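So this block is work_1.pdb, PDB, C-alpha atoms and all ligand atoms:
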ATOM      1  CA  MET A   1     -16.698  -1.934   0.494
ATOM      2  CA  SER A   2     -19.365   0.352   1.836
ATOM      3  CA  TRP A   3     -16.964   3.284   2.344
ATOM      4  CA  HIS A   4     -16.341   3.492  -1.423
ATOM      5  CA  GLN A   5     -20.044   3.747  -2.390
ATOM      6  CA  ALA A   6     -19.810   7.441  -3.259
ATOM      7  CA  PHE A   7     -16.895   6.717  -5.627
ATOM      8  CA  TYR A   8     -18.823   3.897  -7.357
ATOM      9  CA  GLN A   9     -21.884   6.116  -7.810
ATOM     10  CA  HIS A  10     -19.900   9.060  -9.074
ATOM     11  CA  ILE A  11     -17.899   7.127 -11.696
ATOM     12  CA  SER A  12     -20.860   5.155 -13.028
ATOM     13  CA  GLU A  13     -23.015   8.263 -13.261
ATOM     14  CA  ARG A  14     -20.362  10.208 -15.142
ATOM     15  CA  TYR A  15     -19.877   7.256 -17.479
ATOM     16  CA  ARG A  16     -23.628   7.109 -18.194
ATOM     17  CA  LEU A  17     -23.652  10.833 -18.898
ATOM     18  CA  GLY A  18     -20.650  10.461 -21.205
ATOM     19  CA  SER A  19     -18.573  12.815 -19.077
ATOM     20  CA  LEU A  20     -16.080  10.384 -17.556
ATOM     21  CA  PRO A  21     -12.548  11.530 -18.501
ATOM     22  CA  HIS A  22     -10.321   9.047 -20.318
ATOM     23  CA  ALA A  23      -7.702   9.106 -17.550
ATOM     24  CA  VAL A  24      -8.687   8.787 -13.911
ATOM     25  CA  LEU A  25      -6.120   8.956 -11.122
ATOM     26  CA  VAL A  26      -7.294   7.346  -7.885
ATOM     27  CA  TYR A  27      -5.229   8.010  -4.785
ATOM     28  CA  GLY A  28      -5.481   7.498  -1.046
ATOM     29  CA  GLU A  29      -3.794   5.817   1.885
ATOM     30  CA  GLU A  30      -2.281   2.358   1.642
ATOM     31  CA  GLY A  31      -4.563  -0.552   2.505
ATOM     32  CA  ILE A  32      -7.963   1.150   2.152
ATOM     33  CA  GLY A  33      -8.998  -0.928  -0.875
ATOM     34  CA  LYS A  34      -8.297   1.424  -3.782
ATOM     35  CA  ALA A  35      -7.428  -1.342  -6.268
ATOM     36  CA  GLN A  36     -10.462  -3.379  -5.287
ATOM     37  CA  ALA A  37     -12.709  -0.326  -5.604
ATOM     38  CA  VAL A  38     -11.353   0.521  -9.067
ATOM     39  CA  ASN A  39     -11.595  -3.080 -10.263
ATOM     40  CA  ASN A  40     -15.196  -3.267  -9.009
ATOM     41  CA  VAL A  41     -16.012  -0.080 -10.889
ATOM     42  CA  ALA A  42     -14.284  -1.386 -14.034
ATOM     43  CA  GLN A  43     -16.392  -4.550 -13.941
ATOM     44  CA  SER A  44     -19.578  -2.516 -13.519
ATOM     45  CA  LEU A  45     -18.665  -0.419 -16.598
ATOM     46  CA  LEU A  46     -18.199  -3.608 -18.636
ATOM     47  CA  CYS A  47     -21.331  -5.344 -17.299
ATOM     48  CA  GLN A  48     -24.339  -5.577 -19.623
ATOM     49  CA  ARG A  49     -26.905  -5.784 -16.813
ATOM     50  CA  VAL A  50     -25.492  -3.313 -14.346
ATOM     51  CA  VAL A  51     -27.833  -2.135 -11.594
ATOM     52  CA  GLY A  52     -26.829   1.286 -10.278
ATOM     53  CA  ALA A  53     -23.094   0.925  -9.896
ATOM     54  CA  GLU A  54     -23.192  -2.810  -9.209
ATOM     55  CA  ALA A  55     -22.105  -5.433 -11.783
ATOM     56  CA  CYS A  56     -24.504  -8.379 -12.118
ATOM     57  CA  GLY A  57     -21.742 -11.030 -11.973
ATOM     58  CA  GLU A  58     -23.642 -13.256 -14.393
ATOM     59  CA  CYS A  59     -23.670 -11.745 -17.877
ATOM     60  CA  GLN A  60     -21.028 -12.779 -20.406
ATOM     61  CA  PRO A  61     -18.776  -9.714 -19.908
ATOM     62  CA  CYS A  62     -18.939 -10.263 -16.122
ATOM     63  CA  GLN A  63     -17.959 -13.903 -16.525
ATOM     64  CA  LEU A  64     -15.090 -13.034 -18.856
ATOM     65  CA  TYR A  65     -13.962 -10.377 -16.391
ATOM     66  CA  GLN A  66     -14.124 -12.752 -13.435
ATOM     67  CA  GLY A  67     -12.147 -15.370 -15.412
ATOM     68  CA  PHE A  68      -9.415 -12.712 -16.102
ATOM     69  CA  ASN A  69     -10.300 -13.095 -19.761
ATOM     70  CA  HIS A  70     -12.177  -9.962 -20.822
ATOM     71  CA  PRO A  71     -10.540  -8.697 -24.050
ATOM     72  CA  ASN A  72     -11.436  -5.069 -23.215
ATOM     73  CA  PHE A  73      -9.827  -5.130 -19.794
ATOM     74  CA  THR A  74      -6.121  -4.896 -18.932
ATOM     75  CA  ARG A  75      -4.631  -4.777 -15.482
ATOM     76  CA  LEU A  76      -1.018  -3.812 -14.804
ATOM     77  CA  ALA A  77       0.774  -4.006 -11.453
ATOM     78  CA  PRO A  78       4.410  -4.290 -10.357
ATOM     79  CA  GLU A  79       5.581  -7.863 -10.164
ATOM     80  CA  LYS A  80       6.271  -9.049  -6.669
ATOM     81  CA  ASN A  81       9.703 -10.448  -6.071
ATOM     82  CA  ASP A  82       8.899 -13.129  -3.497
ATOM     83  CA  GLU A  83      12.379 -13.825  -2.232
ATOM     84  CA  LYS A  84      13.129 -10.245  -1.342
ATOM     85  CA  LYS A  85       9.518  -9.275  -0.553
ATOM     86  CA  THR A  86      10.029  -6.272  -2.779
ATOM     87  CA  GLN A  87       8.623  -5.346  -6.172
ATOM     88  CA  SER A  88       9.975  -4.827  -9.654
ATOM     89  CA  PRO A  89       9.171  -1.521 -11.357
ATOM     90  CA  ILE A  90       6.545  -1.324 -14.112
ATOM     91  CA  LYS A  91       8.598  -1.272 -17.303
ATOM     92  CA  ILE A  92       8.210   0.434 -20.689
ATOM     93  CA  ASP A  93       7.390  -2.819 -22.516
ATOM     94  CA  GLN A  94       4.403  -3.352 -20.242
ATOM     95  CA  ILE A  95       3.117   0.157 -20.993
ATOM     96  CA  ARG A  96       3.697  -0.309 -24.738
ATOM     97  CA  ASP A  97       1.734  -3.591 -24.712
ATOM     98  CA  LEU A  98      -1.053  -1.884 -22.830
ATOM     99  CA  SER A  99      -1.139   1.086 -25.214
ATOM    100  CA  SER A 100      -1.284  -1.115 -28.303
ATOM    101  CA  LYS A 101      -4.114  -3.110 -26.733
ATOM    102  CA  LEU A 102      -6.055   0.079 -26.106
ATOM    103  CA  VAL A 103      -5.997   1.166 -29.754
ATOM    104  CA  MET A 104      -7.344  -2.161 -31.027
ATOM    105  CA  THR A 105     -11.006  -2.120 -31.982
ATOM    106  CA  SER A 106     -12.878  -3.794 -29.202
ATOM    107  CA  GLN A 107     -14.797  -7.006 -29.796
ATOM    108  CA  TYR A 108     -17.397  -6.041 -27.269
ATOM    109  CA  GLU A 109     -19.638  -3.072 -26.862
ATOM    110  CA  GLY A 110     -18.644  -0.785 -24.064
ATOM    111  CA  PRO A 111     -15.375   0.783 -23.039
ATOM    112  CA  ASN A 112     -11.818  -0.431 -23.314
ATOM    113  CA  ILE A 113     -10.460  -0.267 -19.770
ATOM    114  CA  ALA A 114      -6.943  -0.357 -18.349
ATOM    115  CA  VAL A 115      -6.074  -0.334 -14.660
ATOM    116  CA  ILE A 116      -2.523   0.486 -13.561
ATOM    117  CA  GLU A 117      -2.069  -0.398  -9.888
ATOM    118  CA  GLN A 118       0.760   1.228  -7.910
ATOM    119  CA  ALA A 119       1.305   3.601 -10.826
ATOM    120  CA  ASP A 120       4.102   5.267  -8.838
ATOM    121  CA  MET A 121       6.153   2.106  -9.503
ATOM    122  CA  MET A 122       6.461   2.943 -13.218
ATOM    123  CA  ASN A 123      10.092   3.589 -14.055
ATOM    124  CA  HIS A 124      11.039   6.779 -15.879
ATOM    125  CA  PHE A 125      10.750   5.291 -19.377
ATOM    126  CA  ALA A 126       7.422   3.625 -18.651
ATOM    127  CA  ALA A 127       5.998   6.872 -17.262
ATOM    128  CA  ASN A 128       7.070   8.823 -20.337
ATOM    129  CA  SER A 129       5.620   6.208 -22.623
ATOM    130  CA  LEU A 130       2.304   6.355 -20.764
ATOM    131  CA  LEU A 131       2.328  10.122 -21.092
ATOM    132  CA  LYS A 132       2.033   9.765 -24.887
ATOM    133  CA  THR A 133      -0.950   7.435 -24.536
ATOM    134  CA  LEU A 134      -2.621   9.876 -22.146
ATOM    135  CA  GLU A 135      -2.075  12.711 -24.604
ATOM    136  CA  GLU A 136      -3.580  10.864 -27.573
ATOM    137  CA  PRO A 137      -6.520   8.939 -26.146
ATOM    138  CA  THR A 138      -8.535   6.601 -28.350
ATOM    139  CA  SER A 139     -12.281   6.892 -28.121
ATOM    140  CA  ASN A 140     -14.178   5.011 -25.423
ATOM    141  CA  THR A 141     -10.999   4.224 -23.538
ATOM    142  CA  ILE A 142     -10.627   4.657 -19.795
ATOM    143  CA  ILE A 143      -7.291   4.374 -18.007
ATOM    144  CA  PHE A 144      -7.389   4.173 -14.212
ATOM    145  CA  LEU A 145      -4.151   4.904 -12.381
ATOM    146  CA  ILE A 146      -3.931   3.994  -8.708
ATOM    147  CA  THR A 147      -1.398   5.198  -6.155
ATOM    148  CA  SER A 148      -0.765   5.609  -2.439
ATOM    149  CA  GLN A 149       2.273   7.787  -3.224
ATOM    150  CA  LEU A 150       0.877  10.691  -5.211
ATOM    151  CA  SER A 151       4.080  12.735  -4.950
ATOM    152  CA  LYS A 152       6.081   9.998  -6.678
ATOM    153  CA  LEU A 153       4.039  10.347  -9.903
ATOM    154  CA  LEU A 154       5.318  12.674 -12.622
ATOM    155  CA  PRO A 155       3.490  16.028 -12.415
ATOM    156  CA  THR A 156       2.879  15.769 -16.179
ATOM    157  CA  ILE A 157       0.991  12.501 -15.650
ATOM    158  CA  ARG A 158      -0.991  13.938 -12.762
ATOM    159  CA  SER A 159      -2.030  16.959 -14.790
ATOM    160  CA  ARG A 160      -3.396  14.773 -17.604
ATOM    161  CA  CYS A 161      -5.711  12.844 -15.296
ATOM    162  CA  GLN A 162      -8.822  13.665 -13.348
ATOM    163  CA  SER A 163      -7.934  12.913  -9.716
ATOM    164  CA  TYR A 164     -10.132  11.236  -7.119
ATOM    165  CA  SER A 165      -9.149  10.841  -3.505
ATOM    166  CA  LEU A 166     -10.550   7.708  -1.868
ATOM    167  CA  LYS A 167     -11.451   7.938   1.784
ATOM    168  CA  LYS A 168     -10.589   5.689   4.681
ATOM    169  CA  ALA A 169     -13.201   3.412   6.251
ATOM    170  CA  SER A 170     -14.601   4.310   9.650
ATOM    171  CA  ALA A 171     -13.700   1.823  12.390
ATOM    172  CA  ASP A 172     -17.229   0.364  12.240
ATOM    173  CA  GLU A 173     -17.159  -0.010   8.447
ATOM    174  CA  ALA A 174     -13.731  -1.622   8.627
ATOM    175  CA  ILE A 175     -14.712  -4.133  11.329
ATOM    176  CA  GLU A 176     -17.922  -5.006   9.506
ATOM    177  CA  TRP A 177     -15.961  -5.646   6.290
ATOM    178  CA  LEU A 178     -13.317  -7.713   8.103
ATOM    179  CA  LYS A 179     -16.054  -9.888   9.607
ATOM    180  CA  GLU A 180     -17.393 -10.592   6.100
ATOM    181  CA  GLN A 181     -14.010 -12.037   5.066
ATOM    182  CA  GLN A 182     -14.688 -15.287   6.957
ATOM    183  CA  LEU A 183     -11.525 -15.411   8.988
ATOM    184  CA  ASP A 184     -11.269 -17.417  12.132
ATOM    185  CA  ALA A 185     -10.638 -14.429  14.387
ATOM    186  CA  SER A 186     -12.148 -12.948  17.533
ATOM    187  CA  ASP A 187     -13.474  -9.391  17.918
ATOM    188  CA  LYS A 188     -10.381  -8.568  19.935
ATOM    189  CA  GLU A 189      -8.103  -9.803  17.140
ATOM    190  CA  TYR A 190     -10.010  -7.790  14.520
ATOM    191  CA  LEU A 191      -9.562  -4.666  16.607
ATOM    192  CA  GLN A 192      -5.896  -5.314  17.264
ATOM    193  CA  ALA A 193      -5.143  -5.952  13.583
ATOM    194  CA  LEU A 194      -7.033  -2.821  12.561
ATOM    195  CA  GLN A 195      -5.155  -0.765  15.121
ATOM    196  CA  ILE A 196      -1.758  -2.102  13.956
ATOM    197  CA  ALA A 197      -2.848  -1.350  10.392
ATOM    198  CA  GLY A 198      -3.553   2.266  11.304
ATOM    199  CA  GLY A 199      -7.235   1.774  10.436
ATOM    200  CA  ALA A 200      -6.624   0.400   6.904
ATOM    201  CA  PRO A 201      -8.971  -2.602   6.419
ATOM    202  CA  LEU A 202      -6.974  -4.437   3.722
ATOM    203  CA  THR A 203      -3.756  -4.115   5.670
ATOM    204  CA  ALA A 204      -5.609  -5.483   8.717
ATOM    205  CA  LEU A 205      -6.801  -8.426   6.621
ATOM    206  CA  ALA A 206      -3.252  -9.156   5.429
ATOM    207  CA  ILE A 207      -2.046  -8.959   9.014
ATOM    208  CA  LEU A 208      -4.616 -11.524  10.160
ATOM    209  CA  GLU A 209      -4.084 -13.850   7.200
ATOM    210  CA  ASN A 210      -0.310 -13.957   7.292
ATOM    211  CA  ASP A 211       0.310 -14.149  11.002
ATOM    212  CA  VAL A 212       1.990 -10.769  10.807
ATOM    213  CA  ILE A 213       1.252  -9.944  14.459
ATOM    214  CA  ALA A 214       3.766 -12.605  15.541
ATOM    215  CA  GLN A 215       6.341 -11.452  12.966
ATOM    216  CA  ARG A 216       5.991  -7.853  14.114
ATOM    217  CA  LEU A 217       6.570  -8.931  17.710
ATOM    218  CA  SER A 218       9.759 -10.843  16.866
ATOM    219  CA  LEU A 219      11.053  -7.907  14.819
ATOM    220  CA  ILE A 220      10.600  -5.474  17.726
ATOM    221  CA  GLU A 221      12.089  -8.009  20.183
ATOM    222  CA  SER A 222      15.075  -8.505  17.949
ATOM    223  CA  ILE A 223      15.666  -4.747  17.583
ATOM    224  CA  LEU A 224      15.637  -4.412  21.352
ATOM    225  CA  SER A 225      18.047  -7.288  21.813
ATOM    226  CA  LEU A 226      20.307  -5.561  19.312
ATOM    227  CA  LEU A 227      20.460  -2.694  21.794
ATOM    228  CA  ASN A 228      21.437  -5.150  24.546
ATOM    229  CA  ASN A 229      24.046  -6.729  22.271
ATOM    230  CA  GLN A 230      22.099  -9.975  22.322
ATOM    231  CA  SER A 231      21.511  -9.990  18.582
ATOM    232  CA  THR A 232      23.520  -8.701  15.634
ATOM    233  CA  ILE A 233      22.683  -6.143  12.941
ATOM    234  CA  ALA A 234      22.856  -8.972  10.401
ATOM    235  CA  GLN A 235      20.210 -10.951  12.321
ATOM    236  CA  VAL A 236      17.823  -7.995  12.530
ATOM    237  CA  VAL A 237      18.292  -7.259   8.822
ATOM    238  CA  GLU A 238      17.666 -10.898   7.932
ATOM    239  CA  LEU A 239      14.454 -10.924   9.942
ATOM    240  CA  THR A 240      13.251  -7.670   8.341
ATOM    241  CA  LEU A 241      13.929  -8.978   4.842
ATOM    242  CA  LYS A 242      11.743 -12.016   5.540
ATOM    243  CA  MET A 243       8.788  -9.682   5.971
ATOM    244  CA  ASP A 244       7.086  -7.322   3.547
ATOM    245  CA  PHE A 245       9.638  -4.518   3.309
ATOM    246  CA  LEU A 246       7.394  -1.459   3.535
ATOM    247  CA  GLN A 247       5.117  -3.036   6.106
ATOM    248  CA  SER A 248       7.966  -4.009   8.437
ATOM    249  CA  LEU A 249       9.369  -0.490   8.273
ATOM    250  CA  SER A 250       5.979   1.017   9.019
ATOM    251  CA  PHE A 251       5.889  -1.138  12.188
ATOM    252  CA  VAL A 252       9.254   0.289  13.241
ATOM    253  CA  GLN A 253       8.003   3.782  12.362
ATOM    254  CA  ASN A 254       4.899   3.387  14.549
ATOM    255  CA  PHE A 255       7.007   1.927  17.336
ATOM    256  CA  LEU A 256       9.371   4.921  17.312
ATOM    257  CA  ALA A 257       6.428   7.319  17.222
ATOM    258  CA  ASP A 258       5.165   5.662  20.404
ATOM    259  CA  VAL A 259       8.573   5.972  22.085
ATOM    260  CA  ILE A 260       8.447   9.714  21.344
ATOM    261  CA  ARG A 261       4.856   9.973  22.586
ATOM    262  CA  LEU A 262       5.785   8.275  25.834
ATOM    263  CA  HIS A 263       8.708  10.658  26.304
ATOM    264  CA  GLN A 264       6.534  13.679  25.663
ATOM    265  CA  THR A 265       3.577  12.773  27.826
ATOM    266  CA  ALA A 266       5.055  10.255  30.302
ATOM    267  CA  ASP A 267       1.618   8.709  30.037
ATOM    268  CA  LYS A 268       1.309   5.082  29.074
ATOM    269  CA  MET A 269      -2.229   5.795  27.815
ATOM    270  CA  SER A 270      -0.791   7.850  24.935
ATOM    271  CA  ILE A 271       0.738   4.722  23.357
ATOM    272  CA  VAL A 272      -0.952   3.527  20.163
ATOM    273  CA  ASN A 273       0.681   0.081  19.959
ATOM    274  CA  VAL A 274      -0.646  -0.980  23.349
ATOM    275  CA  ASP A 275       0.446  -4.586  22.907
ATOM    276  CA  LEU A 276       4.065  -3.398  22.630
ATOM    277  CA  ALA A 277       3.932  -1.158  25.728
ATOM    278  CA  LYS A 278       6.611  -3.171  27.545
ATOM    279  CA  PHE A 279       9.118  -2.683  24.693
ATOM    280  CA  ILE A 280       8.202   0.955  24.172
ATOM    281  CA  LYS A 281       9.001   1.631  27.837
ATOM    282  CA  GLN A 282      12.279  -0.276  27.584
ATOM    283  CA  LEU A 283      13.421   1.715  24.588
ATOM    284  CA  SER A 284      12.363   5.097  25.901
ATOM    285  CA  ALA A 285      14.478   4.437  28.987
ATOM    286  CA  LYS A 286      17.484   3.920  26.721
ATOM    287  CA  VAL A 287      17.195   6.683  24.135
ATOM    288  CA  THR A 288      16.644  10.425  24.446
ATOM    289  CA  PRO A 289      13.699  11.996  22.573
ATOM    290  CA  ARG A 290      16.246  13.609  20.245
ATOM    291  CA  ASP A 291      17.760  10.207  19.407
ATOM    292  CA  ALA A 292      14.307   8.795  18.733
ATOM    293  CA  TYR A 293      13.533  11.727  16.422
ATOM    294  CA  LEU A 294      16.837  11.216  14.581
ATOM    295  CA  LEU A 295      16.026   7.536  14.025
ATOM    296  CA  LEU A 296      12.530   8.397  12.866
ATOM    297  CA  ASP A 297      13.911  11.029  10.459
ATOM    298  CA  GLU A 298      16.370   8.513   9.057
ATOM    299  CA  LEU A 299      13.578   5.987   8.598
ATOM    300  CA  ASN A 300      11.314   8.531   6.884
ATOM    301  CA  THR A 301      14.099   9.523   4.480
ATOM    302  CA  MET A 302      14.673   5.850   3.735
ATOM    303  CA  LEU A 303      10.986   5.329   2.950
ATOM    304  CA  LYS A 304      10.907   8.452   0.794
ATOM    305  CA  ASN A 305      13.888   7.317  -1.273
ATOM    306  CA  TYR A 306      12.702   3.735  -1.536
ATOM    307  CA  ASN A 307      12.220   2.434  -5.042
ATOM    308  CA  ALA A 308      12.425  -0.935  -6.698
ATOM    309  CA  SER A 309      16.056  -0.600  -7.726
ATOM    310  CA  ILE A 310      17.391   0.178  -4.267
ATOM    311  CA  ASN A 311      19.527  -2.352  -2.400
ATOM    312  CA  THR A 312      17.272  -2.927   0.597
ATOM    313  CA  GLN A 313      19.823  -4.984   2.498
ATOM    314  CA  LEU A 314      22.449  -2.220   2.461
ATOM    315  CA  MET A 315      19.814   0.332   3.363
ATOM    316  CA  LEU A 316      18.682  -1.696   6.393
ATOM    317  CA  GLU A 317      22.231  -2.458   7.528
ATOM    318  CA  SER A 318      23.013   1.233   7.645
ATOM    319  CA  PHE A 319      19.750   2.049   9.452
ATOM    320  CA  PHE A 320      20.168  -0.583  12.174
ATOM    321  CA  ALA A 321      23.837   0.368  12.526
ATOM    322  CA  SER A 322      22.572   3.843  13.489
ATOM    323  CA  TRP A 323      20.441   2.285  16.235
ATOM    324  CA  HIS A 324      23.380   0.304  17.460
ATOM    325  CA  ASN A 325      25.821   3.234  17.441
ATOM    326  CA  MET A 326      23.349   5.433  19.235
ATOM    327  CA  LEU A 327      23.121   3.011  22.109
ATOM    328  CA  THR A 328      26.867   2.433  22.282
ATOM    329  CA  ASN A 329      27.381   6.215  22.483
ATOM    330  CA  ASN A 330      24.689   6.573  25.138
ATOM    331  CA  THR A 331      26.339   3.860  27.249
ATOM    332  CA  LYS A 332      29.733   5.557  26.963
ATOM    333  CA  THR A 333      28.410   8.926  28.081
ATOM    334  CA  ALA A 334      26.244   7.452  30.837
TER     335      ALA A 334
HETATM  336 ZN    ZN B 401     -22.802  -8.336 -15.621
END
What does this structure look like when you write it as structure tokens?
Ligand SMILES: [Zn+2]
Amino acid sequence: MSWHQAFYQHISERYRLGSLPHAVLVYGEEGIGKAQAVNNVAQSLLCQRVVGAEACGECQPCQLYQGFNHPNFTRLAPEKNDEKKTQSPIKIDQIRDLSSKLVMTSQYEGPNIAVIEQADMMNHFAANSLLKTLEEPTSNTIIFLITSQLSKLLPTIRSRCQSYSLKKASADEAIEWLKEQQLDASDKEYLQALQIAGGAPLTALAILENDVIAQRLSLIESILSLLNNQSTIAQVVELTLKMDFLQSLSFVQNFLADVIRLHQTADKMSIVNVDLAKFIKQLSAKVTPRDAYLLLDELNTMLKNYNASINTQLMLESFFASWHNMLTNNTKTA
């Protein structure tokens, strides 16, 4: 990931100089490869034959790391709940296990490293338990916390970490990286996926791998047929729940933003989701800019309040009911 080179260099240099803090908070937009960057850095800190910031991939620590077996490395992430496409929070027991592992004397030379991915998914008890570990660090221990939702982390946790913001890839860097992933895709498909992903390379990769472009299209089609009374709220909700929850809502968010853009500029060229232009035009003919803003506000509030314990089905039913009511009211007044 060429766009994270500066981060690799910086962390490995500070480690060599003995000035790397024991808690490092890495944040940045979703889908730019934060977890991969941190895990790469962690491996390079464990590697015995590291060159610059690059792990050799061959020494014993590297092999243990690659086999998910390095005793000085722990990775924590929310568990994915496959049926609902949502995630469980990181719980206190997981943090306690991690903390007790960090105080054990390491078998290997080098640091004891923990990586907590999506750290914002720690529940209240887990976050407070981690706080204690951050306040009483053991020597040669490094804890990396990763998040795309900085504001959801406790301020007390943030203040005990050194923060690093990871940057987005340029379009060229992203396309070059996507081409290295050996997918069977054309240049046009790479570009389209990257554009749908808002420029985030890992999101673009997931889109290409999981046939998300087709799913996104049927979601938007089904929302529009809801407005024509050709589908039901229950059907739209069912379709949304089959997809990754946050991703599907970001598609709807981008779609609404385009409807507003088209209203404001009356210029088809202002649309970002060009492949959905037909549907964007259809919807903007049906809703006023104010209605579109209200829907977008409701969606943003929903995303802000989203956490692992929320009933996503109820949340979606209420959101799509708002769409439906808005249209019914518009038809009555028309
Ligand atoms: Zn190595």
(message) I need the output of the PyMOL selection byres (((chain A and resi 53) around 6) and not hetatm) for this file as number ranges by chain; which residues are they?
(response) A: 8-9, 12, 51-52, 54
8 Å shell around ligand ZN 401 (chain B) using only C-alpha atoms and all ligand atoms, listed as an mmCIF file with C-alpha atoms, in the coordinates of the input:
data_model
loop_
_atom_site.group_PDB
_atom_site.id
_atom_site.type_symbol
_atom_site.label_atom_id
_atom_site.label_comp_id
_atom_site.auth_asym_id
_atom_site.auth_seq_id
_atom_site.Cartn_x
_atom_site.Cartn_y
_atom_site.Cartn_z
ATOM 1 C CA GLN A 43 -16.392 -4.550 -13.941
ATOM 2 C CA SER A 44 -19.578 -2.516 -13.519
ATOM 3 C CA LEU A 46 -18.199 -3.608 -18.636
ATOM 4 C CA CYS A 47 -21.331 -5.344 -17.299
ATOM 5 C CA GLN A 48 -24.339 -5.577 -19.623
ATOM 6 C CA ARG A 49 -26.905 -5.784 -16.813
ATOM 7 C CA VAL A 50 -25.492 -3.313 -14.346
ATOM 8 C CA ALA A 55 -22.105 -5.433 -11.783
ATOM 9 C CA CYS A 56 -24.504 -8.379 -12.118
ATOM 10 C CA GLY A 57 -21.742 -11.030 -11.973
ATOM 11 C CA GLU A 58 -23.642 -13.256 -14.393
ATOM 12 C CA CYS A 59 -23.670 -11.745 -17.877
ATOM 13 C CA GLN A 60 -21.028 -12.779 -20.406
ATOM 14 C CA PRO A 61 -18.776 -9.714 -19.908
ATOM 15 C CA CYS A 62 -18.939 -10.263 -16.122
ATOM 16 C CA GLN A 63 -17.959 -13.903 -16.525
#
(message) For a test of reading the model, state the distance in Å between atom CA of A:Ala204 and atom CA of A:Arg216, rounded to one decimal.
(response)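 These atoms are spaced 13.0 Å apart.
Nearest to A:Thr240 of all the residues A:Ala6, A:Ala266, A:Val212, A:Leu150 is A:Val212, counting only C-alpha atoms.
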(request) Please tell me which residues are no farther than 12 Å from (-16.8, 1.3, 15.1) in the file, counting only C-alpha atoms, and write them as an MDAnalysis selection string. (result) chainID A and resid 169:178 187 190:191 194:195 199
(request) Please write the residues picked by the PyMOL selection byres (((chain A and resi 30-35) around 7) and not hetatm) on this file as an NGL selection string. (result) :A and (28-29 or 36-39 or 117 or 146 or 148 or 166 or 168 or 200-203)
Dump of C-alpha atoms for the selected residues, as a CSV table (one decimal), keeping the file's coordinate frame:
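Result went into result.csv, see below:
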chain,number,residue,atom,x,y,z
A,28,GLY,CA,-5.5,7.5,-1.0
A,29,GLU,CA,-3.8,5.8,1.9
A,36,GLN,CA,-10.5,-3.4,-5.3
A,37,ALA,CA,-12.7,-0.3,-5.6
A,38,VAL,CA,-11.4,0.5,-9.1
A,39,ASN,CA,-11.6,-3.1,-10.3
A,117,GLU,CA,-2.1,-0.4,-9.9
A,146,ILE,CA,-3.9,4.0,-8.7
A,148,SER,CA,-0.8,5.6,-2.4
A,166,LEU,CA,-10.6,7.7,-1.9
A,168,LYS,CA,-10.6,5.7,4.7
A,200,ALA,CA,-6.6,0.4,6.9
A,201,PRO,CA,-9.0,-2.6,6.4
A,202,LEU,CA,-7.0,-4.4,3.7
A,203,THR,CA,-3.8,-4.1,5.7
Could you pull stretch 71-82 of chain A out of the block above and give me N, CA and C atoms, as an mmCIF file, in the first residue's frame?
data_model
loop_
_atom_site.group_PDB
_atom_site.id
_atom_site.type_symbol
_atom_site.label_atom_id
_atom_site.label_comp_id
_atom_site.auth_asym_id
_atom_site.auth_seq_id
_atom_site.Cartn_x
_atom_site.Cartn_y
_atom_site.Cartn_z
ATOM 1 N N PRO A 71 3.410 -15.641 19.549
ATOM 2 C CA PRO A 71 2.948 -15.468 20.931
ATOM 3 C C PRO A 71 2.958 -14.012 21.396
ATOM 4 N N ASN A 72 3.722 -13.145 20.721
ATOM 5 C CA ASN A 72 3.783 -11.737 21.155
ATOM 6 C C ASN A 72 2.834 -10.852 20.353
ATOM 7 N N PHE A 73 1.904 -11.471 19.637
ATOM 8 C CA PHE A 73 1.007 -10.657 18.827
ATOM 9 C C PHE A 73 -0.443 -11.062 19.077
ATOM 10 N N THR A 74 -1.290 -10.074 19.383
ATOM 11 C CA THR A 74 -2.715 -10.341 19.589
ATOM 12 C C THR A 74 -3.528 -9.385 18.738
ATOM 13 N N ARG A 75 -4.503 -9.911 18.066
ATOM 14 C CA ARG A 75 -5.376 -9.075 17.253
ATOM 15 C C ARG A 75 -6.817 -9.238 17.739
ATOM 16 N N LEU A 76 -7.477 -8.119 17.965
ATOM 17 C CA LEU A 76 -8.878 -8.138 18.395
ATOM 18 C C LEU A 76 -9.714 -7.375 17.383
ATOM 19 N N ALA A 77 -10.892 -7.927 17.039
ATOM 20 C CA ALA A 77 -11.808 -7.217 16.149
ATOM 21 C C ALA A 77 -13.220 -7.665 16.512
ATOM 22 N N PRO A 78 -14.238 -6.853 16.212
ATOM 23 C CA PRO A 78 -15.599 -7.295 16.501
ATOM 24 C C PRO A 78 -15.918 -8.541 15.685
ATOM 25 N N GLU A 79 -16.670 -9.432 16.285
ATOM 26 C CA GLU A 79 -17.068 -10.620 15.524
ATOM 27 C C GLU A 79 -18.193 -10.252 14.583
ATOM 28 N N LYS A 80 -18.097 -10.796 13.366
ATOM 29 C CA LYS A 80 -19.124 -10.508 12.384
ATOM 30 C C LYS A 80 -20.274 -11.497 12.547
ATOM 31 N N ASN A 81 -21.453 -10.955 12.603
ATOM 32 C CA ASN A 81 -22.638 -11.792 12.690
ATOM 33 C C ASN A 81 -23.164 -11.986 11.268
ATOM 34 N N ASP A 82 -22.868 -13.138 10.674
ATOM 35 C CA ASP A 82 -23.102 -13.319 9.239
ATOM 36 C C ASP A 82 -24.558 -13.196 8.822
#
